[in-house]
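Chemist: Next up is a structure, given as structure tokens.
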Amino acid sequence: MARPLTDQEKRKQISIRGIVGVENVAELKKGFNRHLHFTLVKDRNVATTRDYYFALAHTVRDHLVGRWIRTQQYYYEKDPKRTYYLSLEFYMGRTLQNTMINLGLQNACDEAIYQLGLDIEELEEVEEDAGLGNGGLGRLAACFLDSMATLGLAAYGYGIRYEYGIFNQKIRDGWQVEEADDWLRHGNPWEKARPEFMLPVHFYGRVEHSNAGVKWVDTQVVLAMPFDTPVPGYMNNTVNTMRLWSARAPNDFNLRDFNVGDYIQAVLDRNLAENISRVLYPNDNFFEGKELRLKQEYFVVAASLQDIIRRFKASRFGSRDTIRTAFDTFPDKVAIQLNDTHPALGIPELMRIFVDIEKLPWNKAWEITKKTFAYTNHTVLPEALERWPVDLMENLLPRHMQIIYEINQRHLNRISALFPEDVDRLRRMSLIEEEGVKRINMAHLCIVGSHAVNGVAKIHSDIVKNQVFKDFSEIEPEKFQNKTNGITPRRWLLLCNPGLAELIAEKIGEEYVKDLSQLVKLKKFVNDDVFIRDVSKVKEENKRKFAQYLEDEYKVKINLSSMFDVHVKRIHEYKRQLLNCLHVITMYNRIKRDPTKTFVPRTVIIGGKAAPGYHMAKMIIRLITAVGEVVNNDPVVGSKLKVIFLENYRVSLAEKVIPATDLSQQISTAGTEASGTGNMKFMLNGALTIGTMDGANVEMAEEAGEDNLFIFGMRVEDVEKLDKRGYNAQEYYDKLPELKQTIDQIKSGFFSPKQPDLFKDVVNMLFQHDRFKVFADYEAYVKCQERVSQLYLKPKEWTKTVIKNIAASGKFSSDRTIKEYAKDIWNVEPSDLKIPPPNEPRDVAEEPVETTKSKKQ
């Protein structure tokens, strides 16, 4: 049960978590009881915890609505340039607590719910995660929406309202089993359906050319129904919109095909249309060329572009009458960011609208299109790059295929003019790959059709520019940029680690919440004994809380003085959970060899989902659980070492584990992780990083000083050298006795006595075709882990290093990232204007501009 706060705690928390005014609390209680009664039609005698959660959610949402409407009115009148973030994934997690924090209502809600005799934490736990993403790419999109609202940008997120999000992962007998994530089962209090803005999306059909122009006819129509979710900025009364599309069959769908009177079947067949928004594809960094996926990609793009153009035409200086008909100013009013290649069809779709419908000449249309789009690349793994078969595209989107051919022809004409005899370059740079099955290279389409292309960390952007898309960057070097990823400090500090957030606010004030670079002020407290003690106390408290969670869920007794050594992210060979697993077995063998020797105790926590069709990733999970079974039940090991596989890792679980972590594992093979954002969350929350020089680790080491991270292993150039020479796993196995022992144990069935050859595929991969060179980094990794243990034995030195890391993590705010996008790519200005709250007259904060005049006339 949440208890009332002492005066000192209230003073401490006032600014960051909002003020507890008596009127506030009374109003919230009134709202809560009203919603319980009128919205949920319950009284306290029959209401469930879920009813109480919904009553609270609706009460908090009431505080959003006025600000939401006012923000949209403000954009309509001021007509700023709007930014549209197109993404097939938005990994939002839970909304209630984040909304309370951003509106400054958290303390008042805590108090109101306490006075009603309820426990707010229990209510928060009822909320389903909105798991509409797989991992980093989708969570980044969510952090970006938060930052765009906090910076006062007129921004919109566009995506799909998947009925089933990322699967729920269950571990049964050590294996991953998938269950459907029916997240909408109980309803979603945060969304508002907008059937009045429903739009048609066309598929299949054929193309007619005539003197009047080009027509795409005989298509199959699916309707896109928008659901809007408010996105509140932090304490600035701005509330932006995330608009997610849901597929609906039109009323006449298929019925006209059933003259024979099979009405029932015809109605049942409507499902085929509605399947488009049924389920999120659960692959991370892997391209699956399925027709349904291509339909999803076109569906979101077609609906969003119609919406964007409608808004462009209707918005004009607060007057509803004039409608823009000329598109010359389109790029001055519209910026579209493609989050990876998934929404790449936006480029040919906008061309289709301009050329076929609005009758613009090709060159004009192309110029506007290029100025409007920008593309973010998220991966350099070849299996992740989208390449759609031409025949699939021709069947599903015949007009778009023609447009892509035309774009390609003009692009190749330009290249051959620049490099007359270079046929090989034409082949490399073509949007159409001719070898084997003819395919469209979607990344090439994005590069050719955008005015800016960016990677998501410095090292990644260099690889994109100098290796993956070298031919393109040689011709247009100015197009290629870097935008290092960031995370929102609201969710990833205030929400998940209030103890640390308050401690920091006491030292440097609370402005850092909107300007994370101010954390640098903590440097002067690195040697402050009181601060060192307080920081380690917060960590202990977070560990105690998480250990309780682990003991409840996994029935494993956790040693609180052990190092919490955490590796949570999607399970993928390149992220090298296997390397971590080999280290665990090595530690186990060392304890067994000499049980009396000093050993720094560890609780190793590994979590993450494997794509359902990814055999090796699932085998890696099975190996980790098998090792855990042996280690956790060995009396000789006792409390020195525990291994836990964290089931169903997701946003709400990350919020629990990250603040409790001592050591963060970021150990991908150099040159494979585009950026990573988990690494930033751990750094901000006071964990130390063990990692390779990959992704954003490089910049983290730059900010904090390399000696304040545990950096090991091959760098990008070492990996390249090894590739040239040829990687031979056997060499390492032969020369490293501890590595040999671990592999022999896995191979012989030591961890799977009932099925001795259970892990033969894993061992075979490690020797025969390990693209990510686990053995090559094993020795350096184990040595580096010894350094980690040495430092952990000196708690004060450890905490000083933690403080240095927190003080250096200011760069990794998504606010900084978004400011860079705004300035360098979208050409928009962040605004610190505070829109007046709903209870104040509107003219208070608005500078006098002609819109106010025209509005009143």
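Ordering of the structure tokens sets the chain letters (A, B, ...); residue numbers start at 1 within each chain; ligands are numbered from 1 in the order shown.
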Do a neighbour search on Asp565 (chain A) at 12 Å with only C-alpha atoms, toss out local chain neighbours closer than 5 positions, and write the hits as a PyMOL selection string.
Modeler: chain A and resi 543+580-581+583-584+600-607+641-645+657-658+660-666+682+687-690+785+788-789+792
Chemist: Residues within 6 Å of region 399-407 of chain A, please, as a short mmCIF file (atom, residue, chain, number, x, y, z; two decimals) with N, CA and C atoms, in the first residue's frame. Count only C-alpha atoms; anything in the same chain fewer than 3 positions from it doesn't count.
Modeler:
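Output (part_11.cif):
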data_model
loop_
_atom_site.label_atom_id
_atom_site.label_comp_id
_atom_site.auth_asym_id
_atom_site.auth_seq_id
_atom_site.Cartn_x
_atom_site.Cartn_y
_atom_site.Cartn_z
N PRO A 348 7.44 5.96 -54.04
CA PRO A 348 6.62 5.81 -55.26
C PRO A 348 5.15 6.20 -55.05
N GLU A 394 4.66 -6.42 -58.78
CA GLU A 394 3.86 -6.20 -59.99
C GLU A 394 2.42 -6.63 -59.79
N ARG A 410 15.81 6.73 -64.76
CA ARG A 410 16.35 8.09 -64.70
C ARG A 410 17.61 8.14 -63.83
#
Chemist: Check the smallest atom-to-atom distance from each of A:Asn134, A:Ser87, A:Gln97, A:Gln106 to Asn648 (chain A) using only C-alpha atoms, then report the winner.
Modeler: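 Of the candidates, the smallest distance to Asn648 (chain A) is held by A:Asn134.
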Chemist: Work out how far CA of Phe327 (chain A) is from CA of Lys313 (chain A), in Å to one decimal.
Modeler: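 Separating CA of Lys313 (chain A) from CA of Phe327 (chain A) is a distance of 9.0 Å.
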Chemist: Taking the DSSP secondary structure from the backbone, can you list the residues of region 206-382 of chain A that are strand (DSSP E), as JSON, numbers by chain?
Modeler: {"A": [206, 207, 208, 209, 210, 213, 214, 215, 216, 217, 220, 221, 222, 223, 224, 225, 226, 227, 228, 229, 230, 231, 232, 239, 240, 241, 242, 243, 244, 245, 246, 247, 248, 334, 335, 336, 337, 338, 339, 373, 374, 375, 376]}
Chemist: Suppose we keep N, CA and C atoms; can you now write the selection as a CSV table (one decimal), in the first residue's frame?
Modeler:
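Below you can see part36.csv, which holds the result:
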chain,number,residue,atom,x,y,z
A,206,ARG,N,-5.1,-3.3,-62.3
A,206,ARG,CA,-4.2,-3.1,-63.4
A,206,ARG,C,-4.1,-1.6,-63.8
A,207,VAL,N,-3.2,-1.3,-64.7
A,207,VAL,CA,-2.9,0.1,-65.0
A,207,VAL,C,-3.4,0.4,-66.4
A,208,GLU,N,-4.1,1.5,-66.6
A,208,GLU,CA,-4.6,1.9,-67.9
A,208,GLU,C,-3.8,3.2,-68.3
A,209,HIS,N,-3.2,3.2,-69.5
A,209,HIS,CA,-2.6,4.5,-70.0
A,209,HIS,C,-3.5,5.0,-71.1
A,210,SER,N,-3.8,6.3,-71.0
A,210,SER,CA,-4.6,7.0,-72.0
A,210,SER,C,-4.1,8.4,-72.2
A,213,GLY,N,-4.0,10.5,-69.2
A,213,GLY,CA,-3.1,10.1,-68.1
A,213,GLY,C,-3.1,8.7,-67.7
A,214,VAL,N,-2.6,8.4,-66.6
A,214,VAL,CA,-2.5,7.0,-66.1
A,214,VAL,C,-3.6,6.7,-65.0
A,215,LYS,N,-4.3,5.6,-65.2
A,215,LYS,CA,-5.2,5.2,-64.1
A,215,LYS,C,-5.0,3.8,-63.6
A,216,TRP,N,-5.1,3.7,-62.3
A,216,TRP,CA,-4.9,2.3,-61.6
A,216,TRP,C,-6.4,1.9,-61.4
A,217,VAL,N,-6.8,0.8,-62.0
A,217,VAL,CA,-8.2,0.4,-62.0
A,217,VAL,C,-8.4,-1.0,-61.5
A,220,GLN,N,-8.7,-3.8,-55.5
A,220,GLN,CA,-9.4,-4.3,-54.3
A,220,GLN,C,-9.2,-3.2,-53.2
A,221,VAL,N,-10.2,-2.8,-52.6
A,221,VAL,CA,-10.1,-1.7,-51.6
A,221,VAL,C,-10.2,-2.2,-50.2
A,222,VAL,N,-9.3,-1.7,-49.4
A,222,VAL,CA,-9.4,-2.0,-47.9
A,222,VAL,C,-9.4,-0.6,-47.3
A,223,LEU,N,-10.2,-0.5,-46.2
A,223,LEU,CA,-10.3,0.8,-45.5
A,223,LEU,C,-9.3,0.9,-44.4
A,224,ALA,N,-8.8,2.0,-44.2
A,224,ALA,CA,-7.8,2.3,-43.1
A,224,ALA,C,-8.5,3.1,-42.0
A,225,MET,N,-8.8,2.6,-40.9
A,225,MET,CA,-9.5,3.3,-39.8
A,225,MET,C,-8.4,3.8,-38.8
A,226,PRO,N,-8.4,5.1,-38.6
A,226,PRO,CA,-7.4,5.7,-37.7
A,226,PRO,C,-7.8,5.6,-36.2
A,227,PHE,N,-6.8,5.3,-35.4
A,227,PHE,CA,-6.9,5.3,-33.9
A,227,PHE,C,-5.9,6.3,-33.4
A,228,ASP,N,-6.3,7.3,-32.7
A,228,ASP,CA,-5.3,8.3,-32.2
A,228,ASP,C,-5.0,8.1,-30.8
A,229,THR,N,-3.7,8.2,-30.5
A,229,THR,CA,-3.2,8.1,-29.1
A,229,THR,C,-2.5,9.4,-28.8
A,230,PRO,N,-2.8,10.1,-27.6
A,230,PRO,CA,-2.2,11.3,-27.3
A,230,PRO,C,-0.7,11.1,-26.8
A,231,VAL,N,0.2,12.0,-27.2
A,231,VAL,CA,1.6,11.9,-26.8
A,231,VAL,C,2.0,13.2,-26.1
A,232,PRO,N,1.9,13.2,-24.7
A,232,PRO,CA,2.2,14.4,-24.0
A,232,PRO,C,3.7,14.7,-23.9
A,239,VAL,N,0.5,18.3,-26.5
A,239,VAL,CA,0.1,16.9,-26.6
A,239,VAL,C,0.0,16.6,-28.1
A,240,ASN,N,0.9,15.8,-28.6
A,240,ASN,CA,0.9,15.4,-30.1
A,240,ASN,C,0.1,14.2,-30.3
A,241,THR,N,0.1,13.7,-31.5
A,241,THR,CA,-0.7,12.5,-31.8
A,241,THR,C,0.1,11.4,-32.5
A,242,MET,N,-0.2,10.2,-32.0
A,242,MET,CA,0.3,9.0,-32.7
A,242,MET,C,-1.0,8.4,-33.4
A,243,ARG,N,-1.0,8.3,-34.7
A,243,ARG,CA,-2.1,7.8,-35.4
A,243,ARG,C,-1.8,6.4,-36.0
A,244,LEU,N,-2.5,5.4,-35.5
A,244,LEU,CA,-2.3,4.0,-35.9
A,244,LEU,C,-3.5,3.6,-36.7
A,245,TRP,N,-3.2,2.9,-37.9
A,245,TRP,CA,-4.2,2.5,-38.8
A,245,TRP,C,-4.6,1.1,-38.6
A,246,SER,N,-6.0,0.8,-38.6
A,246,SER,CA,-6.5,-0.5,-38.5
A,246,SER,C,-7.2,-0.9,-39.8
A,247,ALA,N,-7.1,-2.1,-40.3
A,247,ALA,CA,-7.7,-2.4,-41.6
A,247,ALA,C,-9.1,-2.9,-41.4
A,248,ARG,N,-10.0,-2.4,-42.2
A,248,ARG,CA,-11.4,-2.7,-42.2
A,248,ARG,C,-11.9,-3.1,-43.7
A,334,VAL,N,6.0,20.1,-45.0
A,334,VAL,CA,5.9,18.6,-44.6
A,334,VAL,C,7.3,18.0,-44.6
A,335,ALA,N,7.7,17.3,-43.6
A,335,ALA,CA,8.9,16.5,-43.5
A,335,ALA,C,8.5,15.1,-43.2
A,336,ILE,N,8.9,14.1,-43.9
A,336,ILE,CA,8.6,12.7,-43.6
A,336,ILE,C,9.9,12.0,-43.4
A,337,GLN,N,9.9,11.3,-42.2
A,337,GLN,CA,11.1,10.5,-41.9
A,337,GLN,C,10.7,9.1,-42.0
A,338,LEU,N,11.5,8.3,-42.8
A,338,LEU,CA,11.3,6.9,-43.0
A,338,LEU,C,12.1,6.1,-41.9
A,339,ASN,N,11.5,5.5,-41.0
A,339,ASN,CA,12.2,4.7,-40.0
A,339,ASN,C,12.6,3.4,-40.5
A,373,PHE,N,11.2,13.6,-48.3
A,373,PHE,CA,11.6,12.4,-47.5
A,373,PHE,C,13.0,12.4,-47.0
A,374,ALA,N,13.2,11.8,-45.9
A,374,ALA,CA,14.6,11.5,-45.4
A,374,ALA,C,14.5,10.0,-44.8
A,375,TYR,N,15.6,9.4,-44.8
A,375,TYR,CA,15.7,7.9,-44.5
A,375,TYR,C,16.7,7.6,-43.4
A,376,THR,N,16.3,6.9,-42.4
A,376,THR,CA,17.2,6.4,-41.4
A,376,THR,C,17.5,4.9,-41.6
Chemist: Could you give me, as a PyMOL selection string, the residues within 10 Å of Asn708 (chain A), counting only C-alpha atoms and dropping anything in the same chain fewer than 4 positions from it?
Modeler: chain A and resi 688-690+700-704+798+800-802+804-805
Chemist: Quick one: residues within 6 Å of Lys371 (chain A), only C-alpha atoms, excluding same-chain residues fewer than 2 positions away - as a list in words?
Modeler: Pro331, Ile368, Thr369, Phe373 and His451 of chain A
Chemist: Applying 7 Å and only C-alpha atoms, which residues near region 811-824 of chain A remain after dropping the ones on its own chain fewer than 5 positions away? List them as an MDAnalysis selection string.
Modeler: chainID A and resid 143:144 147:148 483:489 516:517 680 829:830
Chemist: Which residue is closest to Glu127 (chain A)? Choose from A:Gly205, A:Pro737, A:Pro250, A:Gly93 and count only C-alpha atoms.
Modeler: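 Among the listed residues, the smallest separation from Glu127 (chain A) belongs to A:Gly93.
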Chemist: Calculated over only C-alpha atoms, which of the candidates A:Leu392, A:Val41, A:Ile19, A:Val300 has the smallest distance to Gly157 (chain A)?
Modeler: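 Closest to Gly157 (chain A), using only C-alpha atoms: A:Val300.
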Chemist: Between CA of Phe203 (chain A) and CA of Arg270 (chain A), what is the distance, to one decimal in Å?
Modeler: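 One can read the CA of Phe203 (chain A) to CA of Arg270 (chain A) distance as 14.8 Å.
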